[in-house]
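Containing compact mmCIF, C-alpha atoms: query_10.txt.
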```txt
# COMPACT_ATOMS: atom_id res chain seq x y z
CA MET B 1015 114.65 127.20 87.26
CA TYR B 1016 112.10 126.15 89.89
CA LYS B 1017 109.52 128.56 88.46
CA LEU B 1018 109.76 126.78 85.11
CA LEU B 1019 109.43 123.38 86.77
CA ARG B 1020 106.52 124.64 88.85
CA SER B 1021 104.70 125.91 85.74
CA PHE B 1022 104.95 122.42 84.26
CA LEU B 1023 103.94 120.58 87.43
CA PHE B 1024 100.97 122.89 87.96
CA LEU B 1025 99.46 121.48 84.75
CA PHE B 1026 98.68 118.24 86.59
CA ASP B 1027 96.57 117.15 89.57
CA ALA B 1028 98.04 118.65 92.74
CA GLU B 1029 97.94 115.53 94.93
CA LYS B 1030 99.36 113.24 92.23
CA VAL B 1031 102.18 115.70 91.55
CA HIS B 1032 102.97 115.91 95.26
CA TYR B 1033 103.58 112.18 95.59
CA PHE B 1034 105.28 111.87 92.20
CA ALA B 1035 107.73 114.68 92.98
CA MET B 1036 108.54 113.37 96.46
CA HIS B 1037 109.04 109.80 95.24
CA VAL B 1038 111.44 111.03 92.54
CA PHE B 1039 113.26 113.16 95.09
CA LYS B 1040 113.49 110.21 97.49
CA SER B 1041 115.02 108.08 94.75
CA LEU B 1042 117.61 110.76 94.00
CA CYS B 1043 118.53 111.09 97.67
CA LYS B 1044 119.28 107.36 97.86
CA ILE B 1045 122.32 108.03 95.67
CA GLY B 1046 125.00 109.00 98.16
CA PHE B 1047 126.85 111.74 96.29
CA ILE B 1048 123.60 113.33 95.05
CA ASN B 1049 122.24 113.43 98.59
CA LYS B 1050 125.43 115.18 99.75
CA ILE B 1051 125.16 117.75 96.96
CA ILE B 1052 121.50 118.42 97.83
CA ALA B 1053 122.29 118.82 101.53
CA LYS B 1054 125.24 121.09 100.82
CA THR B 1055 123.18 123.23 98.44
CA PHE B 1056 120.02 123.64 100.53
CA THR B 1057 120.97 123.24 104.20
CA PRO B 1058 121.61 126.63 105.83
CA PRO B 1059 124.62 126.95 108.13
CA PRO B 1060 123.82 126.73 111.86
CA PHE B 1061 122.86 129.86 113.76
CA ALA B 1062 125.84 130.55 116.02
CA ASP B 1063 124.41 133.61 117.78
CA GLN B 1064 120.71 132.73 118.06
CA GLN B 1065 118.89 130.09 120.08
CA PHE B 1066 115.60 128.58 118.96
CA GLN B 1067 113.98 126.67 121.81
CA LEU B 1068 110.72 124.90 122.59
CA GLY B 1069 110.90 123.60 126.13
CA LYS B 1070 114.07 121.53 126.32
CA LEU B 1071 114.24 121.12 122.55
CA SER B 1072 116.92 123.09 120.67
CA PHE B 1073 116.37 123.68 116.96
CA LYS B 1074 119.21 124.16 114.47
CA ASN B 1075 117.04 126.73 112.70
CA PRO B 1076 113.49 128.04 113.27
CA VAL B 1077 111.96 126.92 109.95
CA GLY B 1078 109.81 123.80 110.09
CA LEU B 1079 107.50 121.97 107.73
CA GLY B 1080 103.88 121.89 108.85
CA ALA B 1081 101.73 118.79 109.21
CA GLY B 1082 100.03 117.41 106.13
CA PHE B 1083 103.04 117.42 103.82
CA ASP B 1084 104.63 114.21 105.10
CA LYS B 1085 101.60 112.62 106.68
CA ASN B 1086 103.10 109.16 106.95
CA ALA B 1087 106.75 109.91 107.83
CA LEU B 1088 107.96 108.73 104.44
CA TYR B 1089 110.33 111.57 103.54
CA LEU B 1090 112.12 112.61 106.72
CA ALA B 1091 115.67 112.08 105.43
CA GLU B 1092 114.88 113.94 102.23
CA LEU B 1093 113.29 116.90 104.04
CA GLU B 1094 116.26 117.04 106.39
CA ALA B 1095 118.52 117.35 103.32
CA LEU B 1096 116.50 120.43 102.31
CA GLY B 1097 117.50 122.12 105.56
CA PHE B 1098 114.31 122.05 107.63
CA GLY B 1099 114.87 122.65 111.33
CA PHE B 1100 111.95 120.37 112.16
CA VAL B 1101 109.21 118.41 110.42
CA GLU B 1102 105.73 117.70 111.74
CA ILE B 1103 104.29 114.41 110.55
CA GLY B 1104 100.59 113.55 110.41
CA THR B 1105 97.85 114.21 111.11
CA VAL B 1106 98.01 110.64 112.50
CA THR B 1107 94.87 108.78 113.59
CA PRO B 1108 94.57 105.46 115.48
CA LEU B 1109 93.21 103.54 112.50
CA PRO B 1110 94.31 103.94 108.88
CA GLN B 1111 91.88 105.95 106.81
CA ALA B 1112 91.61 106.86 103.16
CA GLY B 1113 90.43 110.42 103.69
CA ASN B 1114 87.89 112.27 101.61
CA ASP B 1115 87.06 111.61 97.98
CA LYS B 1116 89.47 112.84 95.30
CA PRO B 1117 90.20 115.38 93.95
CA ARG B 1118 90.84 117.01 97.31
CA LEU B 1119 93.84 119.30 96.83
CA PHE B 1120 93.59 122.42 94.67
CA ARG B 1121 95.91 125.27 93.73
CA LEU B 1122 94.92 128.93 93.59
CA PRO B 1123 97.97 130.41 91.77
CA LYS B 1124 96.52 133.92 91.55
CA ASP B 1125 96.34 134.00 95.35
CA LYS B 1126 99.45 131.91 96.06
CA ALA B 1127 97.18 129.59 97.99
CA LEU B 1128 95.93 126.03 98.27
CA ILE B 1129 92.60 124.53 99.24
CA ASN B 1130 92.57 121.04 100.68
CA ARG B 1131 89.95 118.70 102.08
CA MET B 1132 92.21 115.69 102.57
CA GLY B 1133 90.37 114.38 105.63
CA PHE B 1134 93.25 112.97 107.72
CA ASN B 1135 94.27 110.35 105.15
CA ASN B 1136 97.11 108.35 106.75
CA ASP B 1137 98.48 104.86 107.30
CA GLY B 1138 97.39 104.68 110.94
CA VAL B 1139 99.43 105.10 114.11
CA LYS B 1140 100.79 101.53 114.28
CA VAL B 1141 102.45 101.64 110.84
CA ILE B 1142 103.70 105.20 111.30
CA ALA B 1143 105.20 104.42 114.73
CA GLU B 1144 107.08 101.46 113.24
CA ARG B 1145 108.31 103.66 110.39
CA LEU B 1146 109.58 106.30 112.81
CA GLN B 1147 111.33 103.64 114.88
CA GLU B 1148 113.18 102.37 111.79
CA TRP B 1149 114.11 105.93 110.80
CA SER B 1150 115.51 106.62 114.27
CA LYS B 1151 117.70 103.52 114.10
CA ARG B 1152 119.36 104.89 110.96
CA GLN B 1153 120.34 108.18 112.60
CA LYS B 1154 124.08 108.19 113.20
CA ASN B 1155 124.20 111.22 115.48
CA ALA B 1156 121.25 111.53 117.85
CA SER B 1157 122.29 115.03 118.96
CA THR B 1158 122.02 116.53 115.47
CA ARG B 1159 119.14 114.52 114.02
CA LEU B 1160 116.04 116.18 112.63
CA ILE B 1161 113.44 117.18 115.24
CA VAL B 1162 110.13 115.45 114.47
CA GLY B 1163 106.72 116.48 115.76
CA GLY B 1164 103.67 114.27 115.85
CA ASN B 1165 100.38 115.88 114.83
CA ILE B 1166 97.55 113.72 116.18
CA GLY B 1167 93.83 113.58 115.51
CA LYS B 1168 90.75 111.39 115.70
CA ASN B 1169 89.30 108.97 113.19
CA LYS B 1170 86.28 110.16 111.23
CA ILE B 1171 84.14 107.32 112.59
CA THR B 1172 84.93 108.15 116.23
CA PRO B 1173 82.13 110.14 117.89
CA ASN B 1174 83.25 113.38 119.54
CA GLU B 1175 82.41 112.12 123.02
CA ASP B 1176 85.06 109.41 122.54
CA ALA B 1177 87.60 111.61 120.75
CA TRP B 1178 89.84 111.81 123.82
CA LYS B 1179 90.47 108.06 123.49
CA ASP B 1180 91.79 108.47 119.92
CA TYR B 1181 94.19 111.19 121.03
CA GLU B 1182 95.37 108.97 123.89
CA ILE B 1183 96.01 106.03 121.54
CA CYS B 1184 98.09 108.16 119.17
CA PHE B 1185 99.96 109.86 122.00
CA THR B 1186 100.88 106.55 123.65
CA ALA B 1187 101.97 104.86 120.41
CA LEU B 1188 104.09 107.78 119.17
CA HIS B 1189 105.57 108.97 122.45
CA GLU B 1190 108.90 107.17 122.08
CA HIS B 1191 109.28 108.20 118.46
CA VAL B 1192 108.55 111.94 118.23
CA ASP B 1193 110.02 114.98 119.98
CA TYR B 1194 106.81 116.94 120.53
CA PHE B 1195 103.07 116.62 119.94
CA VAL B 1196 100.49 118.86 118.30
CA VAL B 1197 96.83 118.19 119.07
CA ASN B 1198 94.77 118.87 115.96
CA VAL B 1199 91.14 119.75 116.70
CA SER B 1200 91.01 122.56 114.16
CA SER B 1201 91.01 120.98 110.70
CA PRO B 1202 87.84 121.91 108.79
CA ASN B 1203 87.92 118.64 106.82
CA THR B 1204 86.70 116.13 109.43
CA PRO B 1205 82.99 116.60 110.21
CA GLY B 1206 82.44 117.94 113.72
CA LEU B 1207 86.13 118.10 114.59
CA ARG B 1208 86.19 121.84 115.26
CA GLU B 1209 83.51 121.37 117.92
CA LEU B 1210 86.32 119.88 120.02
CA GLN B 1211 87.79 123.39 120.31
CA GLU B 1212 85.03 124.24 122.78
CA LYS B 1213 86.53 124.56 126.25
CA ASP B 1214 85.02 121.51 127.98
CA ALA B 1215 85.75 119.07 125.15
CA LEU B 1216 89.24 120.47 124.70
CA ALA B 1217 90.00 120.29 128.42
CA LYS B 1218 89.08 116.59 128.51
CA ILE B 1219 91.54 115.81 125.69
CA LEU B 1220 94.42 117.99 126.86
CA GLN B 1221 94.20 117.22 130.57
CA ASN B 1222 94.27 113.50 129.83
CA LEU B 1223 97.35 113.89 127.63
CA GLN B 1224 99.06 116.02 130.27
CA ARG B 1225 98.35 113.32 132.85
CA LEU B 1226 99.78 110.58 130.63
CA ASN B 1227 102.79 112.74 129.77
CA ALA B 1228 103.61 113.31 133.44
CA LEU B 1229 103.76 109.55 133.99
CA THR B 1230 106.48 109.04 131.36
CA LYS B 1231 110.22 109.06 132.00
CA ASN B 1232 110.75 111.62 129.25
CA PRO B 1233 107.77 114.02 128.97
CA LYS B 1234 107.33 115.61 125.53
CA PRO B 1235 106.03 119.11 124.79
CA ILE B 1236 102.31 119.12 123.98
CA LEU B 1237 100.97 121.93 121.78
CA LEU B 1238 97.53 122.78 120.46
CA LYS B 1239 96.87 123.86 116.87
CA ILE B 1240 94.04 126.37 116.63
CA ALA B 1241 91.83 127.58 113.80
CA PRO B 1242 92.14 131.12 112.42
CA ASP B 1243 88.35 131.29 112.31
CA LEU B 1244 87.90 131.39 116.10
CA ASN B 1245 86.34 134.56 117.50
CA SER B 1246 88.03 136.50 120.30
CA ASN B 1247 85.95 134.84 123.04
CA GLN B 1248 86.90 131.39 121.76
CA VAL B 1249 90.57 132.37 121.57
CA ASP B 1250 90.37 133.70 125.13
CA ASP B 1251 88.93 130.34 126.25
CA VAL B 1252 91.84 128.53 124.60
CA ILE B 1253 94.33 130.86 126.29
CA ALA B 1254 92.70 130.41 129.70
CA LEU B 1255 92.79 126.63 129.36
CA ALA B 1256 96.36 126.63 128.06
CA MET B 1257 97.50 128.73 131.01
CA GLU B 1258 95.51 126.67 133.52
CA ILE B 1259 96.93 123.29 132.47
CA LYS B 1260 100.37 124.67 131.61
CA LEU B 1261 100.25 123.68 127.95
CA ASP B 1262 103.67 123.70 126.29
CA GLY B 1263 102.70 125.76 123.26
CA LEU B 1264 100.23 126.81 120.59
CA VAL B 1265 100.35 126.59 116.81
CA ALA B 1266 98.69 129.53 115.04
CA ALA B 1267 97.08 128.72 112.79
CA ASN B 1268 95.41 125.93 110.84
CA THR B 1269 93.71 126.44 107.48
CA THR B 1270 90.70 128.74 107.17
CA ILE B 1271 87.22 128.31 105.74
CA ASP B 1272 87.11 132.06 104.96
CA ARG B 1273 87.06 132.89 101.24
CA SER B 1274 86.95 136.70 101.43
CA ASP B 1275 89.29 138.96 99.42
CA LEU B 1276 90.53 136.24 97.05
CA VAL B 1277 91.57 137.08 93.50
CA THR B 1278 90.43 133.66 92.26
CA SER B 1279 86.96 133.93 90.74
CA LYS B 1280 83.85 132.82 92.62
CA ASP B 1281 83.05 130.35 89.82
CA VAL B 1282 86.38 128.58 90.32
CA LEU B 1283 85.92 128.55 94.11
CA ASP B 1284 82.38 127.15 93.74
CA THR B 1285 83.71 124.41 91.48
CA ILE B 1286 86.40 123.49 94.03
CA GLY B 1287 83.93 123.46 96.90
CA ALA B 1288 84.67 122.98 100.60
CA GLY B 1289 88.10 122.75 102.19
CA GLY B 1290 90.71 124.58 104.22
CA LEU B 1291 92.48 127.52 102.60
CA SER B 1292 96.21 128.00 103.20
CA GLY B 1293 98.91 130.25 101.85
CA LEU B 1294 99.31 133.99 101.37
CA PRO B 1295 95.66 134.95 102.11
CA LEU B 1296 96.18 133.59 105.64
CA LYS B 1297 99.29 135.68 106.34
CA ARG B 1298 97.62 138.70 107.97
CA ARG B 1299 95.19 136.72 110.12
CA SER B 1300 97.94 134.36 111.30
CA THR B 1301 100.15 137.27 112.36
CA GLN B 1302 97.22 138.90 114.18
CA MET B 1303 96.62 135.68 116.09
CA VAL B 1304 100.29 135.31 117.03
CA THR B 1305 100.35 138.92 118.29
CA TYR B 1306 97.15 138.46 120.29
CA LEU B 1307 98.27 135.15 121.84
CA HIS B 1308 101.69 136.51 122.73
CA GLN B 1309 100.29 139.65 124.36
CA LYS B 1310 97.49 137.88 126.22
CA THR B 1311 99.86 135.27 127.67
CA ASN B 1312 102.66 137.77 128.35
CA GLY B 1313 104.91 135.55 126.27
CA GLN B 1314 104.52 132.67 128.73
CA ILE B 1315 103.29 130.16 126.13
CA PRO B 1316 105.57 129.48 123.13
CA ILE B 1317 103.91 129.96 119.74
CA ILE B 1318 104.73 128.29 116.44
CA ALA B 1319 103.51 130.55 113.63
CA SER B 1320 101.99 129.00 110.55
CA GLY B 1321 100.21 130.71 107.69
CA GLY B 1322 101.35 132.76 104.69
CA ILE B 1323 105.11 132.40 105.16
CA PHE B 1324 106.88 132.62 101.80
CA THR B 1325 109.94 134.78 102.45
CA GLY B 1326 112.41 135.72 105.14
CA ALA B 1327 110.49 138.95 105.67
CA ASP B 1328 107.32 136.94 106.34
CA ALA B 1329 109.15 134.80 108.90
CA LYS B 1330 110.66 137.90 110.53
CA GLU B 1331 107.19 139.38 110.88
CA LYS B 1332 105.95 136.27 112.69
CA LEU B 1333 108.95 136.15 115.03
CA ALA B 1334 108.60 139.87 115.78
CA ALA B 1335 104.93 139.24 116.63
CA GLY B 1336 106.00 136.77 119.32
CA ALA B 1337 106.50 133.39 117.64
CA VAL B 1338 109.47 131.24 118.65
CA LEU B 1339 109.40 129.10 115.49
CA VAL B 1340 107.71 129.18 112.08
CA GLN B 1341 106.21 126.52 109.86
CA ILE B 1342 105.80 126.55 106.11
CA TRP B 1343 103.73 124.38 103.78
CA THR B 1344 102.07 126.24 100.93
CA GLY B 1345 105.09 128.53 100.65
CA PHE B 1346 107.25 125.46 100.02
CA ILE B 1347 105.07 124.54 97.02
CA TYR B 1348 105.24 128.02 95.49
CA GLU B 1349 108.83 128.99 96.38
CA GLY B 1350 110.57 125.64 95.99
CA PRO B 1351 113.46 123.85 97.72
CA LYS B 1352 115.51 126.99 98.45
CA ILE B 1353 112.85 128.41 100.77
CA VAL B 1354 114.45 127.28 104.04
CA SER B 1355 117.88 128.54 103.03
CA ASN B 1356 116.45 131.85 101.81
CA ILE B 1357 114.45 132.44 104.98
CA CYS B 1358 117.39 131.63 107.24
CA LYS B 1359 119.65 133.94 105.24
CA THR B 1360 117.25 136.83 105.92
CA LEU B 1361 116.96 135.96 109.61
CA ARG B 1362 120.71 136.14 110.28
```

Write out the structure in this file as C-alpha cells.
Amino acid sequence: MYKLLRSFLFLFDAEKVHYFAMHVFKSLCKIGFINKIIAKTFTPPPFADQQFQLGKLSFKNPVGLGAGFDKNALYLAELEALGFGFVEIGTVTPLPQAGNDKPRLFRLPKDKALINRMGFNNDGVKVIAERLQEWSKRQKNASTRLIVGGNIGKNKITPNEDAWKDYEICFTALHEHVDYFVVNVSSPNTPGLRELQEKDALAKILQNLQRLNALTKNPKPILLKIAPDLNSNQVDDVIALAMEIKLDGLVAANTTIDRSDLVTSKDVLDTIGAGGLSGLPLKRRSTQMVTYLHQKTNGQIPIIASGGIFTGADAKEKLAAGAVLVQIWTGFIYEGPKIVSNICKTLR
C-alpha cells in the first residue's frame, strides 16, 4: 500500500510533499481513536531483554529519527505514535532563517537516495524552545515520554570566528527542553561550516559547551555529528579531541558531497547541483566510520549510526559495528511508516 502511495507522492516536489504529508498526518492524529489505532499499529513492543543507553538516558528502542525531518519540533507526538525511540529536532540556529533557495530537496529513486541543500531553515531557537516547553507540558508520563535531541548549528551570517557564540546561545536556550545535544559542524549546505571540524575551531566550540554543561544542575549528553567525507587524519583529530574532553558521543555520519557510484545519470545530478547526499549510497561508508570510531576509541565513546539504514539487517550491521543507537531519515521516506516496527522486529 505504501509503495503505491509513494509512487503518487513522488510525482510532486519533495519538500512540498513532506510538509503536506506531515500536516495531514498531524490532523489525523488529533482524532483520539485514530491516534490510538496508529500507535497500536506502528509502535513496537518494548525490548524486555535488551538495554539501549546513552549516558543516563534509557531508550525504549534503538531506532531514532535524524535531524532535518522535524526541524521545528512540530510533529513530536505524531512521530512518537509511529514508534520512534527518539527524535532529533533541528538543526536549530539562534535566529530564524529561511535557508537556501528552492527547490532544495531532490529524490534519487534509482539509488534510494536524497540530495538536500536546505541550509538550516528553521524558526529560530526562541520559538522552538517555547514549542518544546508546551509539548513537555502535555506529556502525561514523564518516564515514558519520547526522548528528544537538539541538533544545533550556527546562522549563515555568523562568521566562523564567532560560531562558538551561536552554539552557546542554542545550547543555553534548549537545555531545559531536550534530553541530549548534537553539535552540527558537518552539513555541506552552510558555506564554510565544515571548516569548523578542524581541531582548533572544534575544540573552542565543544570545550565551551562542556564548561556550560558542567555548571547546570542536570548536565545533558553532548555529541558531535561528523561528515563522512573526512579523511583518516581528520577523523583521528576528532577522536583525540573527543577523548580529551570526554565527549558523550559521536554521530556517524552526516550527508556526503561524494557522487561516485550512483546509478542516477550525470545529467540529472548536474541539473540538481550541490547538496548533501543521503540514503543507501552512504550505507557502506557510514558502517566503515562506525567500525573505525569504535575500534579507535575501544568502545569508550558511544556512537549513533546514521546513513543508509532501510531494514533491520542494515540496523543490525551498524550495531554489530559498534553503534549503540541508529538513526533513519531517507529510509523512512522510501520504506514508510512501518520502518521502525520492522527494524525492531528484526533486532529482537

Six-sided padding of 6 Å per side, axis-aligned box over region 1066-1081 of chain B, centre and edges in Å, one decimal, as AutoDock Vina command-line options:
```
--center_x 110.5 --center_y 123.7 --center_z 117.0 --size_x 29.5 --size_y 21.8 --size_z 30.6
```

May I have the protein, DNA and RNA residues with an atom at most 12 Å from (100.3, 107.1, 120.1), counting all atoms listed in the file in the file's coordinates, returned as a compact mmCIF listing (two decimals) with C-alpha atoms, in the frame of the given file?
```
# COMPACT_ATOMS: atom_id res chain seq x y z
CA GLY B 1104 100.59 113.55 110.41
CA THR B 1105 97.85 114.21 111.11
CA VAL B 1106 98.01 110.64 112.50
CA THR B 1107 94.87 108.78 113.59
CA PRO B 1108 94.57 105.46 115.48
CA LEU B 1109 93.21 103.54 112.50
CA GLY B 1138 97.39 104.68 110.94
CA VAL B 1139 99.43 105.10 114.11
CA LYS B 1140 100.79 101.53 114.28
CA VAL B 1141 102.45 101.64 110.84
CA ILE B 1142 103.70 105.20 111.30
CA ALA B 1143 105.20 104.42 114.73
CA GLU B 1144 107.08 101.46 113.24
CA LEU B 1146 109.58 106.30 112.81
CA GLY B 1164 103.67 114.27 115.85
CA ASN B 1165 100.38 115.88 114.83
CA ILE B 1166 97.55 113.72 116.18
CA GLY B 1167 93.83 113.58 115.51
CA LYS B 1168 90.75 111.39 115.70
CA LYS B 1179 90.47 108.06 123.49
CA ASP B 1180 91.79 108.47 119.92
CA TYR B 1181 94.19 111.19 121.03
CA GLU B 1182 95.37 108.97 123.89
CA ILE B 1183 96.01 106.03 121.54
CA CYS B 1184 98.09 108.16 119.17
CA PHE B 1185 99.96 109.86 122.00
CA THR B 1186 100.88 106.55 123.65
CA ALA B 1187 101.97 104.86 120.41
CA LEU B 1188 104.09 107.78 119.17
CA HIS B 1189 105.57 108.97 122.45
CA GLU B 1190 108.90 107.17 122.08
CA HIS B 1191 109.28 108.20 118.46
CA VAL B 1192 108.55 111.94 118.23
CA TYR B 1194 106.81 116.94 120.53
CA PHE B 1195 103.07 116.62 119.94
CA VAL B 1196 100.49 118.86 118.30
CA VAL B 1197 96.83 118.19 119.07
CA LEU B 1223 97.35 113.89 127.63
CA LEU B 1226 99.78 110.58 130.63
CA ASN B 1227 102.79 112.74 129.77
```

Write out as a PDB file with C-alpha atoms, keeping the file's coordinate frame the residues lying within 10 Å of Thr1305 (chain B), counting all atoms listed in the file and excluding same-chain residues fewer than 5 positions away.
```pdb
ATOM      1  CA  ARG B1299      95.190 136.720 110.120  1.00  0.00           C
ATOM      2  CA  SER B1300      97.940 134.360 111.300  1.00  0.00           C
ATOM      3  CA  LYS B1310      97.490 137.880 126.220  1.00  0.00           C
ATOM      4  CA  GLY B1313     104.910 135.550 126.270  1.00  0.00           C
ATOM      5  CA  ILE B1317     103.910 129.960 119.740  1.00  0.00           C
ATOM      6  CA  LYS B1332     105.950 136.270 112.690  1.00  0.00           C
ATOM      7  CA  LEU B1333     108.950 136.150 115.030  1.00  0.00           C
ATOM      8  CA  ALA B1334     108.600 139.870 115.780  1.00  0.00           C
ATOM      9  CA  ALA B1335     104.930 139.240 116.630  1.00  0.00           C
ATOM     10  CA  GLY B1336     106.000 136.770 119.320  1.00  0.00           C
ATOM     11  CA  ALA B1337     106.500 133.390 117.640  1.00  0.00           C
TER      12      ALA B1337
END
```

Which residues are near Phe1346 (chain B)? Cut-off 12 Å, all atoms listed in the file, ignore same chain within fewer than 5 positions. Put them as a ChimeraX atom specification. /B:1016,1020,1032,1077-1080,1083,1093,1096,1098,1126-1128,1292-1294,1321-1325,1341,1351-1357

Can those selected residues be exported to a file as a short mmCIF file (atom, residue, chain, number, x, y, z; two decimals), keeping the file's coordinate frame so that it contains C-alpha atoms?
```
data_model
loop_
_atom_site.label_atom_id
_atom_site.label_comp_id
_atom_site.auth_asym_id
_atom_site.auth_seq_id
_atom_site.Cartn_x
_atom_site.Cartn_y
_atom_site.Cartn_z
CA TYR B 1016 112.10 126.15 89.89
CA ARG B 1020 106.52 124.64 88.85
CA HIS B 1032 102.97 115.91 95.26
CA VAL B 1077 111.96 126.92 109.95
CA GLY B 1078 109.81 123.80 110.09
CA LEU B 1079 107.50 121.97 107.73
CA GLY B 1080 103.88 121.89 108.85
CA PHE B 1083 103.04 117.42 103.82
CA LEU B 1093 113.29 116.90 104.04
CA LEU B 1096 116.50 120.43 102.31
CA PHE B 1098 114.31 122.05 107.63
CA LYS B 1126 99.45 131.91 96.06
CA ALA B 1127 97.18 129.59 97.99
CA LEU B 1128 95.93 126.03 98.27
CA SER B 1292 96.21 128.00 103.20
CA GLY B 1293 98.91 130.25 101.85
CA LEU B 1294 99.31 133.99 101.37
CA GLY B 1321 100.21 130.71 107.69
CA GLY B 1322 101.35 132.76 104.69
CA ILE B 1323 105.11 132.40 105.16
CA PHE B 1324 106.88 132.62 101.80
CA THR B 1325 109.94 134.78 102.45
CA GLN B 1341 106.21 126.52 109.86
CA PRO B 1351 113.46 123.85 97.72
CA LYS B 1352 115.51 126.99 98.45
CA ILE B 1353 112.85 128.41 100.77
CA VAL B 1354 114.45 127.28 104.04
CA SER B 1355 117.88 128.54 103.03
CA ASN B 1356 116.45 131.85 101.81
CA ILE B 1357 114.45 132.44 104.98
#
```

Within 9 Å of Arg1145 (chain B) using only C-alpha atoms, minus same-chain residues under 5 positions, as a PyMOL selection string: chain B and resi 1086-1088+1140+1150

Output the selection as a PDB file, keeping the file's coordinate frame - C-alpha atoms for each residue.
```
ATOM      1  CA  ASN B1086     103.100 109.160 106.950  1.00  0.00           C
ATOM      2  CA  ALA B1087     106.750 109.910 107.830  1.00  0.00           C
ATOM      3  CA  LEU B1088     107.960 108.730 104.440  1.00  0.00           C
ATOM      4  CA  LYS B1140     100.790 101.530 114.280  1.00  0.00           C
ATOM      5  CA  SER B1150     115.510 106.620 114.270  1.00  0.00           C
TER       6      SER B1150
END
```

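We find CA of Ser1320 (chain B) and CA of Thr1360 (chain B) to be spaced 17.8 Å apart.
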
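What separates CA of Lys1170 (chain B) from CA of Leu1255 (chain B) is a distance of 25.3 Å.
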
Which residues come within 10 Å of region 1066-1071 of chain B, counting only C-alpha atoms, excluding same-chain residues fewer than 4 positions away, as a ChimeraX atom specification? /B:1061,1075-1077,1099,1161,1193-1194,1234-1236,1262-1263,1315-1318,1338-1339

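Of the listed residues B:Leu1119, B:Cys1043, B:Ala1091, B:Val1282, the one whose atoms come nearest to Val1031 (chain B) is B:Leu1119, with distances taken using only C-alpha atoms.
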
With a distance cut-off of 9 Å and only C-alpha atoms, select the neighbouring residues of region 1199-1214 of chain B, excluding the residue or stretch itself and same-chain residues fewer than 6 positions from it, and output the selection as a PyMOL selection string. chain B and resi 1113-1114+1130-1134+1166-1170+1173-1174+1177+1238-1242+1248+1251-1252+1255+1267-1271+1288-1290

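Comparing B:Glu1092, B:Asp1063, B:Asp1084, B:Asp1115 by their smallest distance to Ser1041 (chain B), the closest is B:Glu1092 (using all atoms listed in the file).
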
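Distance-wise, CA of Val1249 (chain B) and CA of Leu1307 (chain B) end up 8.2 Å apart.
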